[in-house]
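Peer 1: Here you go, this is structure11.cif (mmCIF, C-alpha atoms and all ligand atoms).
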data_query
#
loop_
_atom_site.label_atom_id
_atom_site.label_comp_id
_atom_site.auth_asym_id
_atom_site.auth_seq_id
_atom_site.Cartn_x
_atom_site.Cartn_y
_atom_site.Cartn_z
CA VAL A 62 158.23 158.47 1.14
CA LEU A 63 160.94 160.47 -0.57
CA VAL A 64 164.38 160.14 1.08
CA LEU A 65 167.21 162.52 0.28
CA GLY A 66 170.59 160.93 1.05
CA ILE A 67 173.84 162.79 1.65
CA GLU A 68 177.27 161.10 1.80
CA SER A 69 180.41 163.01 2.81
CA SER A 70 182.48 160.64 4.95
CA CYS A 71 185.69 160.78 2.95
CA ASP A 72 186.60 162.08 -0.50
CA GLU A 73 183.32 161.70 -2.38
CA THR A 74 180.33 164.00 -2.08
CA GLY A 75 177.21 162.08 -3.00
CA VAL A 76 173.56 163.08 -3.04
CA ALA A 77 170.62 160.88 -4.03
CA LEU A 78 166.84 160.61 -3.99
CA VAL A 79 165.21 157.28 -3.16
CA HIS A 80 161.49 156.58 -3.19
CA ALA A 81 160.00 154.09 -0.73
CA ASP A 82 156.48 152.85 -1.24
CA GLY A 83 155.03 150.61 1.48
CA ALA A 84 156.99 147.42 1.96
CA ALA A 85 158.35 147.24 -1.60
CA LEU A 86 162.09 147.58 -2.11
CA PRO A 87 162.89 151.33 -2.31
CA VAL A 88 163.78 152.66 -5.76
CA LEU A 89 166.61 155.01 -6.70
CA LEU A 90 165.22 158.01 -8.58
CA GLY A 91 168.55 159.72 -9.22
CA HIS A 92 171.93 160.52 -7.76
CA ALA A 93 174.86 162.86 -8.26
CA LEU A 94 178.45 162.40 -7.24
CA HIS A 95 181.61 164.44 -7.08
CA SER A 96 184.88 162.65 -6.48
CA GLN A 97 187.77 164.62 -4.98
CA ILE A 98 190.35 162.07 -6.12
CA GLU A 99 192.07 164.47 -8.53
CA MET A 100 192.37 167.13 -5.84
CA HIS A 101 194.05 164.72 -3.40
CA GLN A 102 196.24 162.97 -5.97
CA ALA A 103 199.02 165.54 -5.71
CA TYR A 104 199.39 164.63 -2.02
CA GLY A 105 199.30 160.84 -2.51
CA GLY A 106 196.30 160.49 -0.21
CA VAL A 107 193.26 162.23 1.21
CA VAL A 108 194.00 165.55 2.95
CA PRO A 109 191.19 165.82 5.54
CA GLU A 110 190.89 169.60 5.67
CA LEU A 111 190.81 169.91 1.87
CA ALA A 112 188.14 167.20 1.82
CA SER A 113 185.89 169.08 4.26
CA ARG A 114 186.19 172.31 2.31
CA ASP A 115 185.38 170.64 -0.97
CA HIS A 116 182.31 168.91 0.49
CA ILE A 117 181.06 172.39 1.51
CA ARG A 118 181.49 173.60 -2.08
CA ARG A 119 179.80 170.59 -3.69
CA VAL A 120 176.95 169.44 -1.53
CA LEU A 121 174.29 172.05 -2.38
CA PRO A 122 174.99 172.15 -6.16
CA LEU A 123 174.81 168.34 -6.21
CA THR A 124 171.52 168.47 -4.30
CA GLU A 125 170.13 170.93 -6.85
CA GLN A 126 171.38 168.70 -9.66
CA VAL A 127 169.60 165.62 -8.29
CA LEU A 128 166.37 167.53 -7.79
CA ALA A 129 166.55 168.96 -11.32
CA GLU A 130 167.34 165.59 -12.89
CA THR A 131 164.50 163.84 -11.05
CA GLY A 132 162.07 166.70 -11.54
CA ARG A 133 161.43 166.98 -7.81
CA GLY A 134 161.29 170.01 -5.55
CA LEU A 135 163.05 170.27 -2.21
CA SER A 136 159.66 170.61 -0.51
CA GLU A 137 158.73 167.10 -1.69
CA VAL A 138 161.55 165.54 0.37
CA ASP A 139 160.08 163.68 3.36
CA ILE A 140 163.25 162.63 5.16
CA VAL A 141 166.88 163.72 4.99
CA ALA A 142 169.38 160.89 5.52
CA TYR A 143 173.09 161.53 6.00
CA THR A 144 176.27 159.64 6.85
CA ARG A 145 176.93 160.03 10.57
CA GLY A 146 180.08 157.86 10.58
CA PRO A 147 182.56 156.32 10.39
CA GLY A 148 184.84 158.64 8.42
CA LEU A 149 186.77 161.88 8.63
CA ALA A 150 185.28 164.06 11.37
CA GLY A 151 185.40 167.32 9.41
CA ALA A 152 184.02 165.72 6.26
CA LEU A 153 181.20 164.04 8.19
CA LEU A 154 180.30 167.34 9.87
CA VAL A 155 179.61 168.94 6.47
CA GLY A 156 177.04 166.33 5.43
CA ALA A 157 175.51 166.18 8.92
CA GLY A 158 175.33 169.97 9.17
CA VAL A 159 173.74 170.40 5.75
CA ALA A 160 171.28 167.54 6.32
CA CYS A 161 170.14 168.92 9.67
CA ALA A 162 169.91 172.45 8.29
CA LEU A 163 167.75 171.19 5.41
CA GLY A 164 165.63 169.21 7.86
CA ALA A 165 165.10 172.25 10.08
CA ALA A 166 164.35 174.54 7.14
CA LEU A 167 161.89 172.08 5.57
CA ASP A 168 160.48 170.96 8.92
CA ARG A 169 161.31 167.35 8.04
CA PRO A 170 162.91 164.62 10.15
CA VAL A 171 166.53 163.58 9.66
CA LEU A 172 168.31 160.27 10.04
CA GLY A 173 172.03 159.72 10.66
CA LEU A 174 173.35 156.57 9.01
CA HIS A 175 176.27 154.19 9.23
CA HIS A 176 178.48 154.43 6.15
CA LEU A 177 179.21 150.69 6.13
CA GLU A 178 175.53 149.87 6.36
CA GLY A 179 175.20 151.97 3.21
CA HIS A 180 177.83 149.86 1.45
CA LEU A 181 176.27 146.68 2.83
CA LEU A 182 172.79 147.51 1.52
CA SER A 183 173.97 148.97 -1.81
CA PRO A 184 173.42 145.64 -3.67
CA PHE A 185 169.68 146.17 -3.02
CA LEU A 186 169.94 148.96 -5.61
CA SER A 187 171.06 146.51 -8.28
CA ALA A 188 168.95 144.80 -10.91
CA ASP A 189 169.43 141.51 -9.05
CA PRO A 190 168.83 142.43 -5.38
CA PRO A 191 169.60 139.85 -2.65
CA GLU A 192 167.25 138.50 0.00
CA PHE A 193 168.02 138.08 3.70
CA PRO A 194 169.77 136.23 5.27
CA PHE A 195 173.22 136.30 3.69
CA VAL A 196 176.94 136.41 4.31
CA ALA A 197 178.38 139.82 3.44
CA LEU A 198 181.93 140.43 2.31
CA LEU A 199 182.54 144.11 2.94
CA VAL A 200 185.72 145.16 1.15
CA SER A 201 186.40 148.88 1.06
CA GLY A 202 189.28 151.31 1.43
CA GLY A 203 189.09 151.29 5.21
CA HIS A 204 187.38 148.02 6.11
CA THR A 205 187.48 144.29 5.38
CA GLN A 206 184.82 142.30 7.17
CA LEU A 207 182.75 139.18 6.84
CA MET A 208 179.33 139.56 8.41
CA GLN A 209 176.27 137.45 8.85
CA VAL A 210 173.32 139.60 7.85
CA ASP A 211 169.91 138.40 9.04
CA GLY A 212 168.01 141.55 8.18
CA VAL A 213 168.29 145.32 8.23
CA GLY A 214 170.23 146.24 11.37
CA ARG A 215 170.93 142.60 12.25
CA TYR A 216 174.65 142.27 11.64
CA THR A 217 176.95 139.75 13.27
CA MET A 218 180.69 140.10 12.74
CA LEU A 219 182.26 136.85 11.60
CA GLY A 220 185.77 138.12 10.97
CA GLU A 221 187.67 141.24 9.99
CA THR A 222 191.12 142.48 9.15
CA ILE A 223 193.55 142.80 12.00
CA ASP A 224 195.59 145.43 10.13
CA ASP A 225 195.17 146.86 6.60
CA ALA A 226 191.93 146.69 4.63
CA ALA A 227 191.80 144.98 1.23
CA GLY A 228 191.42 148.34 -0.55
CA GLU A 229 194.36 149.65 1.42
CA ALA A 230 196.43 146.63 0.32
CA PHE A 231 195.56 147.42 -3.30
CA ASP A 232 196.34 151.12 -2.83
CA LYS A 233 199.60 150.68 -0.92
CA SER A 234 200.91 148.05 -3.34
CA ALA A 235 199.93 150.30 -6.24
CA LYS A 236 201.86 153.16 -4.66
CA LEU A 237 204.95 150.95 -4.40
CA LEU A 238 204.57 150.23 -8.12
CA GLY A 239 204.27 153.95 -8.84
CA LEU A 240 200.64 153.76 -9.91
CA GLY A 241 199.41 156.88 -8.09
CA TYR A 242 196.53 157.26 -5.65
CA PRO A 243 194.16 155.55 -5.11
CA GLY A 244 195.93 152.92 -7.13
CA GLY A 245 193.53 150.00 -6.65
CA PRO A 246 191.77 150.36 -10.01
CA ALA A 247 195.09 151.10 -11.80
CA LEU A 248 196.73 148.04 -10.26
CA ALA A 249 193.75 145.92 -11.34
CA ARG A 250 194.01 147.25 -14.92
CA LEU A 251 197.74 146.54 -15.09
CA ALA A 252 197.20 143.08 -13.58
CA GLU A 253 195.12 142.08 -16.59
CA GLN A 254 198.29 142.11 -18.71
CA GLY A 255 200.37 140.21 -16.17
CA ASP A 256 201.02 136.65 -15.07
CA ALA A 257 199.46 136.04 -11.64
CA ALA A 258 201.74 133.07 -11.03
CA ALA A 259 204.93 135.01 -11.74
CA PHE A 260 205.72 135.85 -8.11
CA LYS A 261 204.98 133.85 -4.96
CA LEU A 262 203.42 136.25 -2.49
CA PRO A 263 202.06 135.36 0.96
CA ARG A 264 198.37 134.59 1.57
CA PRO A 265 198.20 135.96 5.12
CA LEU A 266 195.95 134.09 7.60
CA LEU A 267 194.64 131.86 4.81
CA HIS A 268 194.90 128.84 7.08
CA SER A 269 194.34 130.64 10.38
CA GLY A 270 191.21 128.63 11.06
CA ASN A 271 189.18 131.78 11.66
CA LEU A 272 187.63 134.43 9.42
CA ASP A 273 190.07 137.23 10.16
CA PHE A 274 192.26 138.87 7.53
CA SER A 275 195.70 140.45 7.49
CA PHE A 276 197.15 142.39 4.56
CA ALA A 277 200.00 144.39 6.07
CA GLY A 278 202.57 141.64 5.43
CA LEU A 279 201.58 141.39 1.79
CA LYS A 280 202.50 145.02 1.21
CA THR A 281 205.93 144.36 2.74
CA ALA A 282 206.37 141.31 0.49
CA VAL A 283 205.49 143.41 -2.57
CA MET A 284 208.05 146.00 -1.50
CA THR A 285 210.74 143.35 -0.98
CA GLN A 286 209.99 141.87 -4.39
CA ALA A 287 210.03 145.29 -6.05
CA ASN A 288 213.41 146.11 -4.47
CA LYS A 289 214.81 142.75 -5.52
CA LEU A 290 213.77 143.38 -9.12
CA GLY A 291 215.53 146.74 -9.18
CA ASP A 292 216.06 147.78 -12.82
CA GLN A 293 213.80 144.98 -13.99
CA LEU A 294 210.79 146.25 -12.05
CA GLU A 295 209.47 148.30 -14.96
CA ALA A 296 209.46 145.26 -17.27
CA ARG A 297 207.90 142.98 -14.64
CA LYS A 298 205.40 145.46 -13.21
CA ALA A 299 202.31 143.85 -14.74
CA ASP A 300 203.39 140.43 -13.42
CA LEU A 301 203.91 141.82 -9.91
CA ALA A 302 200.56 143.62 -10.07
CA ALA A 303 198.83 140.41 -11.20
CA SER A 304 200.53 138.38 -8.45
CA THR A 305 199.52 140.95 -5.81
CA GLU A 306 195.93 141.02 -6.97
CA ALA A 307 195.83 137.22 -7.02
CA ALA A 308 197.05 137.03 -3.41
CA ILE A 309 194.41 139.47 -2.15
CA VAL A 310 191.62 137.91 -4.20
CA GLU A 311 192.42 134.34 -3.19
CA VAL A 312 192.25 135.16 0.52
CA LEU A 313 188.99 137.11 0.12
CA MET A 314 187.43 134.32 -1.95
CA LYS A 315 188.49 131.42 0.29
CA LYS A 316 187.47 133.11 3.54
CA SER A 317 184.10 134.03 2.03
CA MET A 318 183.52 130.41 1.10
CA THR A 319 184.52 129.32 4.61
CA ALA A 320 182.07 131.82 6.09
CA LEU A 321 179.31 130.39 3.89
CA ARG A 322 180.14 126.84 4.98
CA GLN A 323 180.31 127.80 8.67
CA THR A 324 177.00 129.67 8.68
CA GLY A 325 175.27 127.25 6.32
CA LEU A 326 173.97 130.26 4.36
CA ARG A 327 173.48 129.96 0.59
CA ARG A 328 173.85 133.60 -0.36
CA LEU A 329 176.84 135.92 -0.57
CA VAL A 330 176.67 139.69 -0.90
CA VAL A 331 179.78 141.65 -1.83
CA ALA A 332 180.00 145.38 -1.08
CA GLY A 333 182.53 148.21 -1.02
CA GLY A 334 185.02 149.61 -3.52
CA VAL A 335 187.03 146.41 -3.95
CA GLY A 336 183.77 144.71 -4.94
CA ALA A 337 184.30 146.37 -8.33
CA ASN A 338 187.41 144.26 -8.89
CA ARG A 339 186.97 141.95 -11.88
CA ALA A 340 189.34 139.23 -10.70
CA LEU A 341 187.51 139.08 -7.36
CA ARG A 342 184.13 138.86 -9.10
CA GLY A 343 185.44 136.16 -11.42
CA GLN A 344 186.80 134.00 -8.60
CA LEU A 345 183.73 134.46 -6.40
CA ASN A 346 181.39 133.68 -9.29
CA ALA A 347 183.26 130.46 -10.05
CA ALA A 348 183.50 129.33 -6.42
CA CYS A 349 179.86 130.19 -5.67
CA ALA A 350 178.61 128.43 -8.80
CA LYS A 351 180.48 125.33 -7.71
CA ALA A 352 179.10 125.54 -4.16
CA GLY A 353 175.55 126.29 -5.27
CA VAL A 354 175.63 129.73 -3.65
CA ARG A 355 173.97 132.84 -5.10
CA VAL A 356 176.24 135.88 -5.20
CA HIS A 357 175.18 139.53 -5.46
CA TYR A 358 177.14 142.70 -6.15
CA PRO A 359 176.39 146.41 -6.22
CA GLU A 360 176.25 148.02 -9.66
CA LEU A 361 179.86 148.81 -10.64
CA HIS A 362 179.41 152.55 -10.24
CA LEU A 363 177.86 152.12 -6.77
CA CYS A 364 180.70 150.03 -5.29
CA THR A 365 182.66 153.05 -4.08
CA ASP A 366 181.16 155.85 -1.99
CA ASN A 367 177.93 157.44 -3.19
CA GLY A 368 174.75 159.08 -1.91
CA ALA A 369 172.45 156.40 -3.29
CA MET A 370 173.54 153.81 -0.74
CA ILE A 371 172.91 156.25 2.12
CA ALA A 372 169.43 157.17 0.88
CA MET A 373 168.75 153.45 0.39
CA ALA A 374 169.99 152.49 3.86
CA GLY A 375 167.83 155.27 5.32
CA ALA A 376 164.77 154.09 3.43
CA MET A 377 165.33 150.45 4.42
CA ARG A 378 165.90 151.28 8.12
CA LEU A 379 162.69 153.30 8.20
CA GLN A 380 160.80 150.57 6.37
CA SER A 381 162.00 147.87 8.74
CA GLY A 382 160.69 149.91 11.65
CA ILE A 383 163.90 149.64 13.65
CA GLU A 384 164.36 153.35 13.59
CA GLN A 385 162.44 156.54 13.20
CA ALA A 386 163.76 159.71 11.69
CA ASN A 387 163.60 162.58 14.18
CA CYS A 388 163.45 166.33 14.34
CA ALA A 389 166.27 166.72 16.85
CA TYR A 390 168.54 168.79 14.66
CA ALA A 391 171.42 168.78 17.12
CA PHE A 392 173.87 166.37 15.54
CA ASP A 393 177.06 164.59 16.33
CA VAL A 394 179.21 162.49 14.06
CA LYS A 395 180.99 159.25 14.86
CA PRO A 396 184.39 159.12 13.17
CA ARG A 397 184.88 155.63 14.69
CA TRP A 398 181.82 153.42 14.70
CA PRO A 399 181.91 149.58 14.58
CA LEU A 400 179.03 148.29 12.47
CA ASP A 401 178.04 145.58 14.93
CA GLN A 402 177.45 148.27 17.56
CA LEU A 403 175.03 150.06 15.28
CA VAL A 404 171.79 149.34 17.09
CA LEU A 405 173.20 150.11 20.54
CA ALA A 406 174.92 153.24 19.38
CA THR A 407 171.96 155.17 17.96
P1 LIG A 501 185.34 152.84 3.91
O1 LIG A 501 184.09 152.59 3.18
O2 LIG A 501 185.90 151.62 4.56
O3 LIG A 501 185.24 153.99 4.84
P2 LIG A 501 186.24 154.03 1.47
O4 LIG A 501 184.92 154.68 1.52
O5 LIG A 501 187.44 154.87 1.21
O6 LIG A 501 186.47 153.24 2.84
P3 LIG A 501 185.31 152.66 -0.83
O7 LIG A 501 184.91 153.95 -1.42
O8 LIG A 501 184.27 151.67 -0.57
O9 LIG A 501 186.24 152.86 0.44
O10 LIG A 501 186.35 151.96 -1.81
C1 LIG A 501 187.55 152.56 -2.20
C2 LIG A 501 188.60 151.50 -2.31
O11 LIG A 501 188.25 150.57 -3.33
C3 LIG A 501 189.97 152.03 -2.65
O12 LIG A 501 190.91 151.40 -1.82
C4 LIG A 501 190.14 151.60 -4.11
O13 LIG A 501 191.47 151.39 -4.49
C5 LIG A 501 189.37 150.30 -4.13
N1 LIG A 501 188.95 149.91 -5.49
C6 LIG A 501 188.06 150.51 -6.30
N2 LIG A 501 187.95 149.86 -7.47
C7 LIG A 501 188.80 148.81 -7.41
C8 LIG A 501 189.15 147.75 -8.30
N3 LIG A 501 188.61 147.64 -9.51
N4 LIG A 501 190.06 146.83 -7.88
C9 LIG A 501 190.62 146.92 -6.66
N5 LIG A 501 190.34 147.90 -5.78
C10 LIG A 501 189.45 148.83 -6.15
MG MG A 502 186.66 157.38 -1.79
FE FE A 503 183.16 153.74 1.71
#
How does this structure look as structure tokens?
Peer 2:
Amino acid sequence: VLVLGIESSCDETGVALVHADGAALPVLLGHALHSQIEMHQAYGGVVPELASRDHIRRVLPLTEQVLAETGRGLSEVDIVAYTRGPGLAGALLVGAGVACALGAALDRPVLGLHHLEGHLLSPFLSADPPEFPFVALLVSGGHTQLMQVDGVGRYTMLGETIDDAAGEAFDKSAKLLGLGYPGGPALARLAEQGDAAAFKLPRPLLHSGNLDFSFAGLKTAVMTQANKLGDQLEARKADLAASTEAAIVEVLMKKSMTALRQTGLRRLVVAGGVGANRALRGQLNAACAKAGVRVHYPELHLCTDNGAMIAMAGAMRLQSGIEQANCAYAFDVKPRWPLDQLVLAT
């Protein structure tokens, strides 16, 4: 079965082709991506209407590119998978509209997917794919969650952020340090030259006794520290970046280890944009090695949004038999869509 995947939930247009053969793990044949980051940079954040319009411009050329690169024709596509939510309504409508139009034109079924399930299953595209069950640490620009994952579609929320997401904490702190948007990767780069012990920043909810997160206070602490430094900020920027990163990473690492202890599971899967962070990977690798836990990540270039994870999630949902693609080309999108309501909500 050849699955075409389309992602357009935020500021990346992604298209991919995945091949599923029987019960074997589906294989990525090719994918193409266009990031709108440069377009939104001037505004310091994603401008929803500009995002929608750019998705319209990019989605068909990217589809043609993937088909050309994989040597496949559109008529060979068996199923069209797209991101149904959560995300920006206008942006989601572009991918959903194009997917359903392609489905109708090709007389093929379509499947609307959960963006976070895409992130969650993206490590199955890596050279070292996980096996169920596992604890998942989902750390993206909009979400921070620990989940118990027993199989495709079997997700139990263990804890989540009560305010900002981890990616948001990176981005907002980076903005305070004048590192542009989205500043997460820039802050991480700068942090490599800094001293993580230079500033004492809060580890919110570290000892809360549950698996919830909070990052809003950290951003305020970074701001207070930056103001206090005044003229010296420029000289101490790398130290402040390193201290900020260390605070975020320590909380993510420790809560992940607690989740593993509480569930008794021996496998951790990290997904989402912040999963690309080197300090986080380093700390998780060390802690998991010590605890005898296997840890899996998506390929670095598949941590942030892409079409491959949507095609993969579509292929794995079909394979697991929990869902069938359908030829009802009337679509809706779900800008807000909790992952643990996924099965009920379809
Ligand atoms: P969601 O998936 O929750 O809807 P999103 O799609 O915007 O949100 P992703 O694309 O998964 O989020 O990830 C983007 C986030 O990852 C941004 O906040 C970005 O700063 C962060 N990020 C990417 N690389 C790194 C890195 N190396 N270190 C820290 N943060 C990073
Ligand atoms: Mg993005
Ligand atoms: Fe995402």
Peer 1: Within 9 Å of ligand LIG 501 (chain A), which residues of chain A show up? Give each one with its shortest atom-to-atom distance in Å (one decimal) and the two atoms involved, counting all atoms listed in the file, rows by chain then rising residue number, as JSON lines.
Peer 2:
{"residue": "A:Ser70", "atom": "CA", "partner": "A:LIG501", "partner_atom": "O3", "distance": 7.2}
{"residue": "A:Cys71", "atom": "CA", "partner": "A:LIG501", "partner_atom": "O4", "distance": 6.3}
{"residue": "A:Asp72", "atom": "CA", "partner": "A:LIG501", "partner_atom": "O5", "distance": 7.5}
{"residue": "A:Glu73", "atom": "CA", "partner": "A:LIG501", "partner_atom": "O7", "distance": 8.0}
{"residue": "A:Gly146", "atom": "CA", "partner": "A:LIG501", "partner_atom": "O3", "distance": 8.6}
{"residue": "A:Pro147", "atom": "CA", "partner": "A:LIG501", "partner_atom": "O3", "distance": 6.6}
{"residue": "A:Gly148", "atom": "CA", "partner": "A:LIG501", "partner_atom": "O3", "distance": 5.9}
{"residue": "A:Leu149", "atom": "CA", "partner": "A:LIG501", "partner_atom": "O3", "distance": 8.9}
{"residue": "A:His176", "atom": "CA", "partner": "A:LIG501", "partner_atom": "O1", "distance": 6.6}
{"residue": "A:Leu177", "atom": "CA", "partner": "A:LIG501", "partner_atom": "O1", "distance": 6.0}
{"residue": "A:Gly179", "atom": "CA", "partner": "A:LIG501", "partner_atom": "O1", "distance": 8.9}
{"residue": "A:His180", "atom": "CA", "partner": "A:LIG501", "partner_atom": "O8", "distance": 7.0}
{"residue": "A:Leu199", "atom": "CA", "partner": "A:LIG501", "partner_atom": "O2", "distance": 8.4}
{"residue": "A:Val200", "atom": "CA", "partner": "A:LIG501", "partner_atom": "O8", "distance": 6.9}
{"residue": "A:Ser201", "atom": "CA", "partner": "A:LIG501", "partner_atom": "O8", "distance": 3.9}
{"residue": "A:Gly202", "atom": "CA", "partner": "A:LIG501", "partner_atom": "O9", "distance": 3.6}
{"residue": "A:Gly203", "atom": "CA", "partner": "A:LIG501", "partner_atom": "O2", "distance": 3.3}
{"residue": "A:His204", "atom": "CA", "partner": "A:LIG501", "partner_atom": "O2", "distance": 4.2}
{"residue": "A:Thr205", "atom": "CA", "partner": "A:LIG501", "partner_atom": "O2", "distance": 7.5}
{"residue": "A:Ala226", "atom": "CA", "partner": "A:LIG501", "partner_atom": "O2", "distance": 7.8}
{"residue": "A:Ala227", "atom": "CA", "partner": "A:LIG501", "partner_atom": "O12", "distance": 7.2}
{"residue": "A:Gly228", "atom": "CA", "partner": "A:LIG501", "partner_atom": "O12", "distance": 3.4}
{"residue": "A:Glu229", "atom": "CA", "partner": "A:LIG501", "partner_atom": "O12", "distance": 5.0}
{"residue": "A:Ala230", "atom": "CA", "partner": "A:LIG501", "partner_atom": "O12", "distance": 7.6}
{"residue": "A:Phe231", "atom": "CA", "partner": "A:LIG501", "partner_atom": "N5", "distance": 5.8}
{"residue": "A:Asp232", "atom": "CA", "partner": "A:LIG501", "partner_atom": "O13", "distance": 5.2}
{"residue": "A:Lys233", "atom": "CA", "partner": "A:LIG501", "partner_atom": "O12", "distance": 8.8}
{"residue": "A:Ala235", "atom": "CA", "partner": "A:LIG501", "partner_atom": "O13", "distance": 8.7}
{"residue": "A:Tyr242", "atom": "CA", "partner": "A:LIG501", "partner_atom": "O13", "distance": 7.8}
{"residue": "A:Pro243", "atom": "CA", "partner": "A:LIG501", "partner_atom": "O13", "distance": 5.0}
{"residue": "A:Gly244", "atom": "CA", "partner": "A:LIG501", "partner_atom": "O13", "distance": 5.4}
{"residue": "A:Gly245", "atom": "CA", "partner": "A:LIG501", "partner_atom": "O13", "distance": 3.3}
{"residue": "A:Pro246", "atom": "CA", "partner": "A:LIG501", "partner_atom": "C8", "distance": 4.1}
{"residue": "A:Ala247", "atom": "CA", "partner": "A:LIG501", "partner_atom": "C8", "distance": 7.7}
{"residue": "A:Leu248", "atom": "CA", "partner": "A:LIG501", "partner_atom": "C9", "distance": 7.2}
{"residue": "A:Ala249", "atom": "CA", "partner": "A:LIG501", "partner_atom": "N4", "distance": 5.1}
{"residue": "A:Arg250", "atom": "CA", "partner": "A:LIG501", "partner_atom": "N3", "distance": 7.7}
{"residue": "A:Glu306", "atom": "CA", "partner": "A:LIG501", "partner_atom": "C9", "distance": 7.9}
{"residue": "A:Ala332", "atom": "CA", "partner": "A:LIG501", "partner_atom": "O8", "distance": 7.6}
{"residue": "A:Gly333", "atom": "CA", "partner": "A:LIG501", "partner_atom": "O8", "distance": 3.9}
{"residue": "A:Gly334", "atom": "CA", "partner": "A:LIG501", "partner_atom": "O10", "distance": 3.2}
{"residue": "A:Val335", "atom": "CA", "partner": "A:LIG501", "partner_atom": "N5", "distance": 4.1}
{"residue": "A:Gly336", "atom": "CA", "partner": "A:LIG501", "partner_atom": "C7", "distance": 6.9}
{"residue": "A:Ala337", "atom": "CA", "partner": "A:LIG501", "partner_atom": "N3", "distance": 4.6}
{"residue": "A:Asn338", "atom": "CA", "partner": "A:LIG501", "partner_atom": "N3", "distance": 3.6}
{"residue": "A:Arg339", "atom": "CA", "partner": "A:LIG501", "partner_atom": "N3", "distance": 6.4}
{"residue": "A:Ala340", "atom": "CA", "partner": "A:LIG501", "partner_atom": "N4", "distance": 8.1}
{"residue": "A:Leu341", "atom": "CA", "partner": "A:LIG501", "partner_atom": "N4", "distance": 8.2}
{"residue": "A:Leu361", "atom": "CA", "partner": "A:LIG501", "partner_atom": "N2", "distance": 8.8}
{"residue": "A:Leu363", "atom": "CA", "partner": "A:LIG501", "partner_atom": "O8", "distance": 8.9}
{"residue": "A:Cys364", "atom": "CA", "partner": "A:LIG501", "partner_atom": "O8", "distance": 6.1}
{"residue": "A:Thr365", "atom": "CA", "partner": "A:LIG501", "partner_atom": "O7", "distance": 3.6}
{"residue": "A:Asp366", "atom": "CA", "partner": "A:LIG501", "partner_atom": "O7", "distance": 4.2}
{"residue": "A:Asn367", "atom": "CA", "partner": "A:LIG501", "partner_atom": "O7", "distance": 8.0}
Peer 1: May I have the protein, DNA and RNA residues with any atom at most 12 Å from the point (160.2, 147.4, 8.3), counting only C-alpha atoms, written as number ranges by chain?
Peer 2: A: 81-87, 212-214, 374-385
Peer 1: Quick one: residues within 12 Å of Glu125 in chain A, only C-alpha atoms, excluding same-chain residues fewer than 2 positions away - as an MDAnalysis selection string?
Peer 2: chainID A and resid 65 75:78 91:94 119:123 127:135
Peer 1: Suppose you want the space between CA of Gln254 in chain A and CA of Ala303 in chain A; what is it in Å?
Peer 2: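 We find that CA of Gln254 in chain A and CA of Ala303 in chain A lie 7.7 Å from each other.
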Peer 1: Which residue, A:Ala308, A:Leu207, A:Pro396, A:His95, has the smallest gap to Gln126 in chain A when you use only C-alpha atoms?
Peer 2: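 Looking at the shortest contact to Gln126 in chain A, the residue is A:His95.
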Peer 1: Leaving out Leu238 in chain A and any residue of its chain fewer than 3 positions from it, which residues lie within 9 Å of it when counting only C-alpha atoms, given as a VMD selection string?
Peer 2: chain A and resid 233 to 235 241 248 283 to 284 287 294 to 295 298 301 to 302
Peer 1: So which residues touch Ala258 in chain A within 9 Å, counting all atoms listed in the file, skipping near sequence neighbours fewer than 3 positions away, as a PyMOL selection string?
Peer 2: chain A and resi 255+261+300+303-304+307
Peer 1: If you count all atoms listed in the file, which residues fall within 8 Å of Leu400 in chain A, apart from same-chain ones fewer than 3 positions away, as a short mmCIF file (atom, residue, chain, number, x, y, z; two decimals) with C-alpha atoms, in the coordinates of the input?
Peer 2:
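Result file follows (result.cif):
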data_model
loop_
_atom_site.label_atom_id
_atom_site.label_comp_id
_atom_site.auth_asym_id
_atom_site.auth_seq_id
_atom_site.Cartn_x
_atom_site.Cartn_y
_atom_site.Cartn_z
CA HIS A 175 176.27 154.19 9.23
CA LEU A 177 179.21 150.69 6.13
CA GLU A 178 175.53 149.87 6.36
CA TYR A 216 174.65 142.27 11.64
CA LEU A 403 175.03 150.06 15.28
#
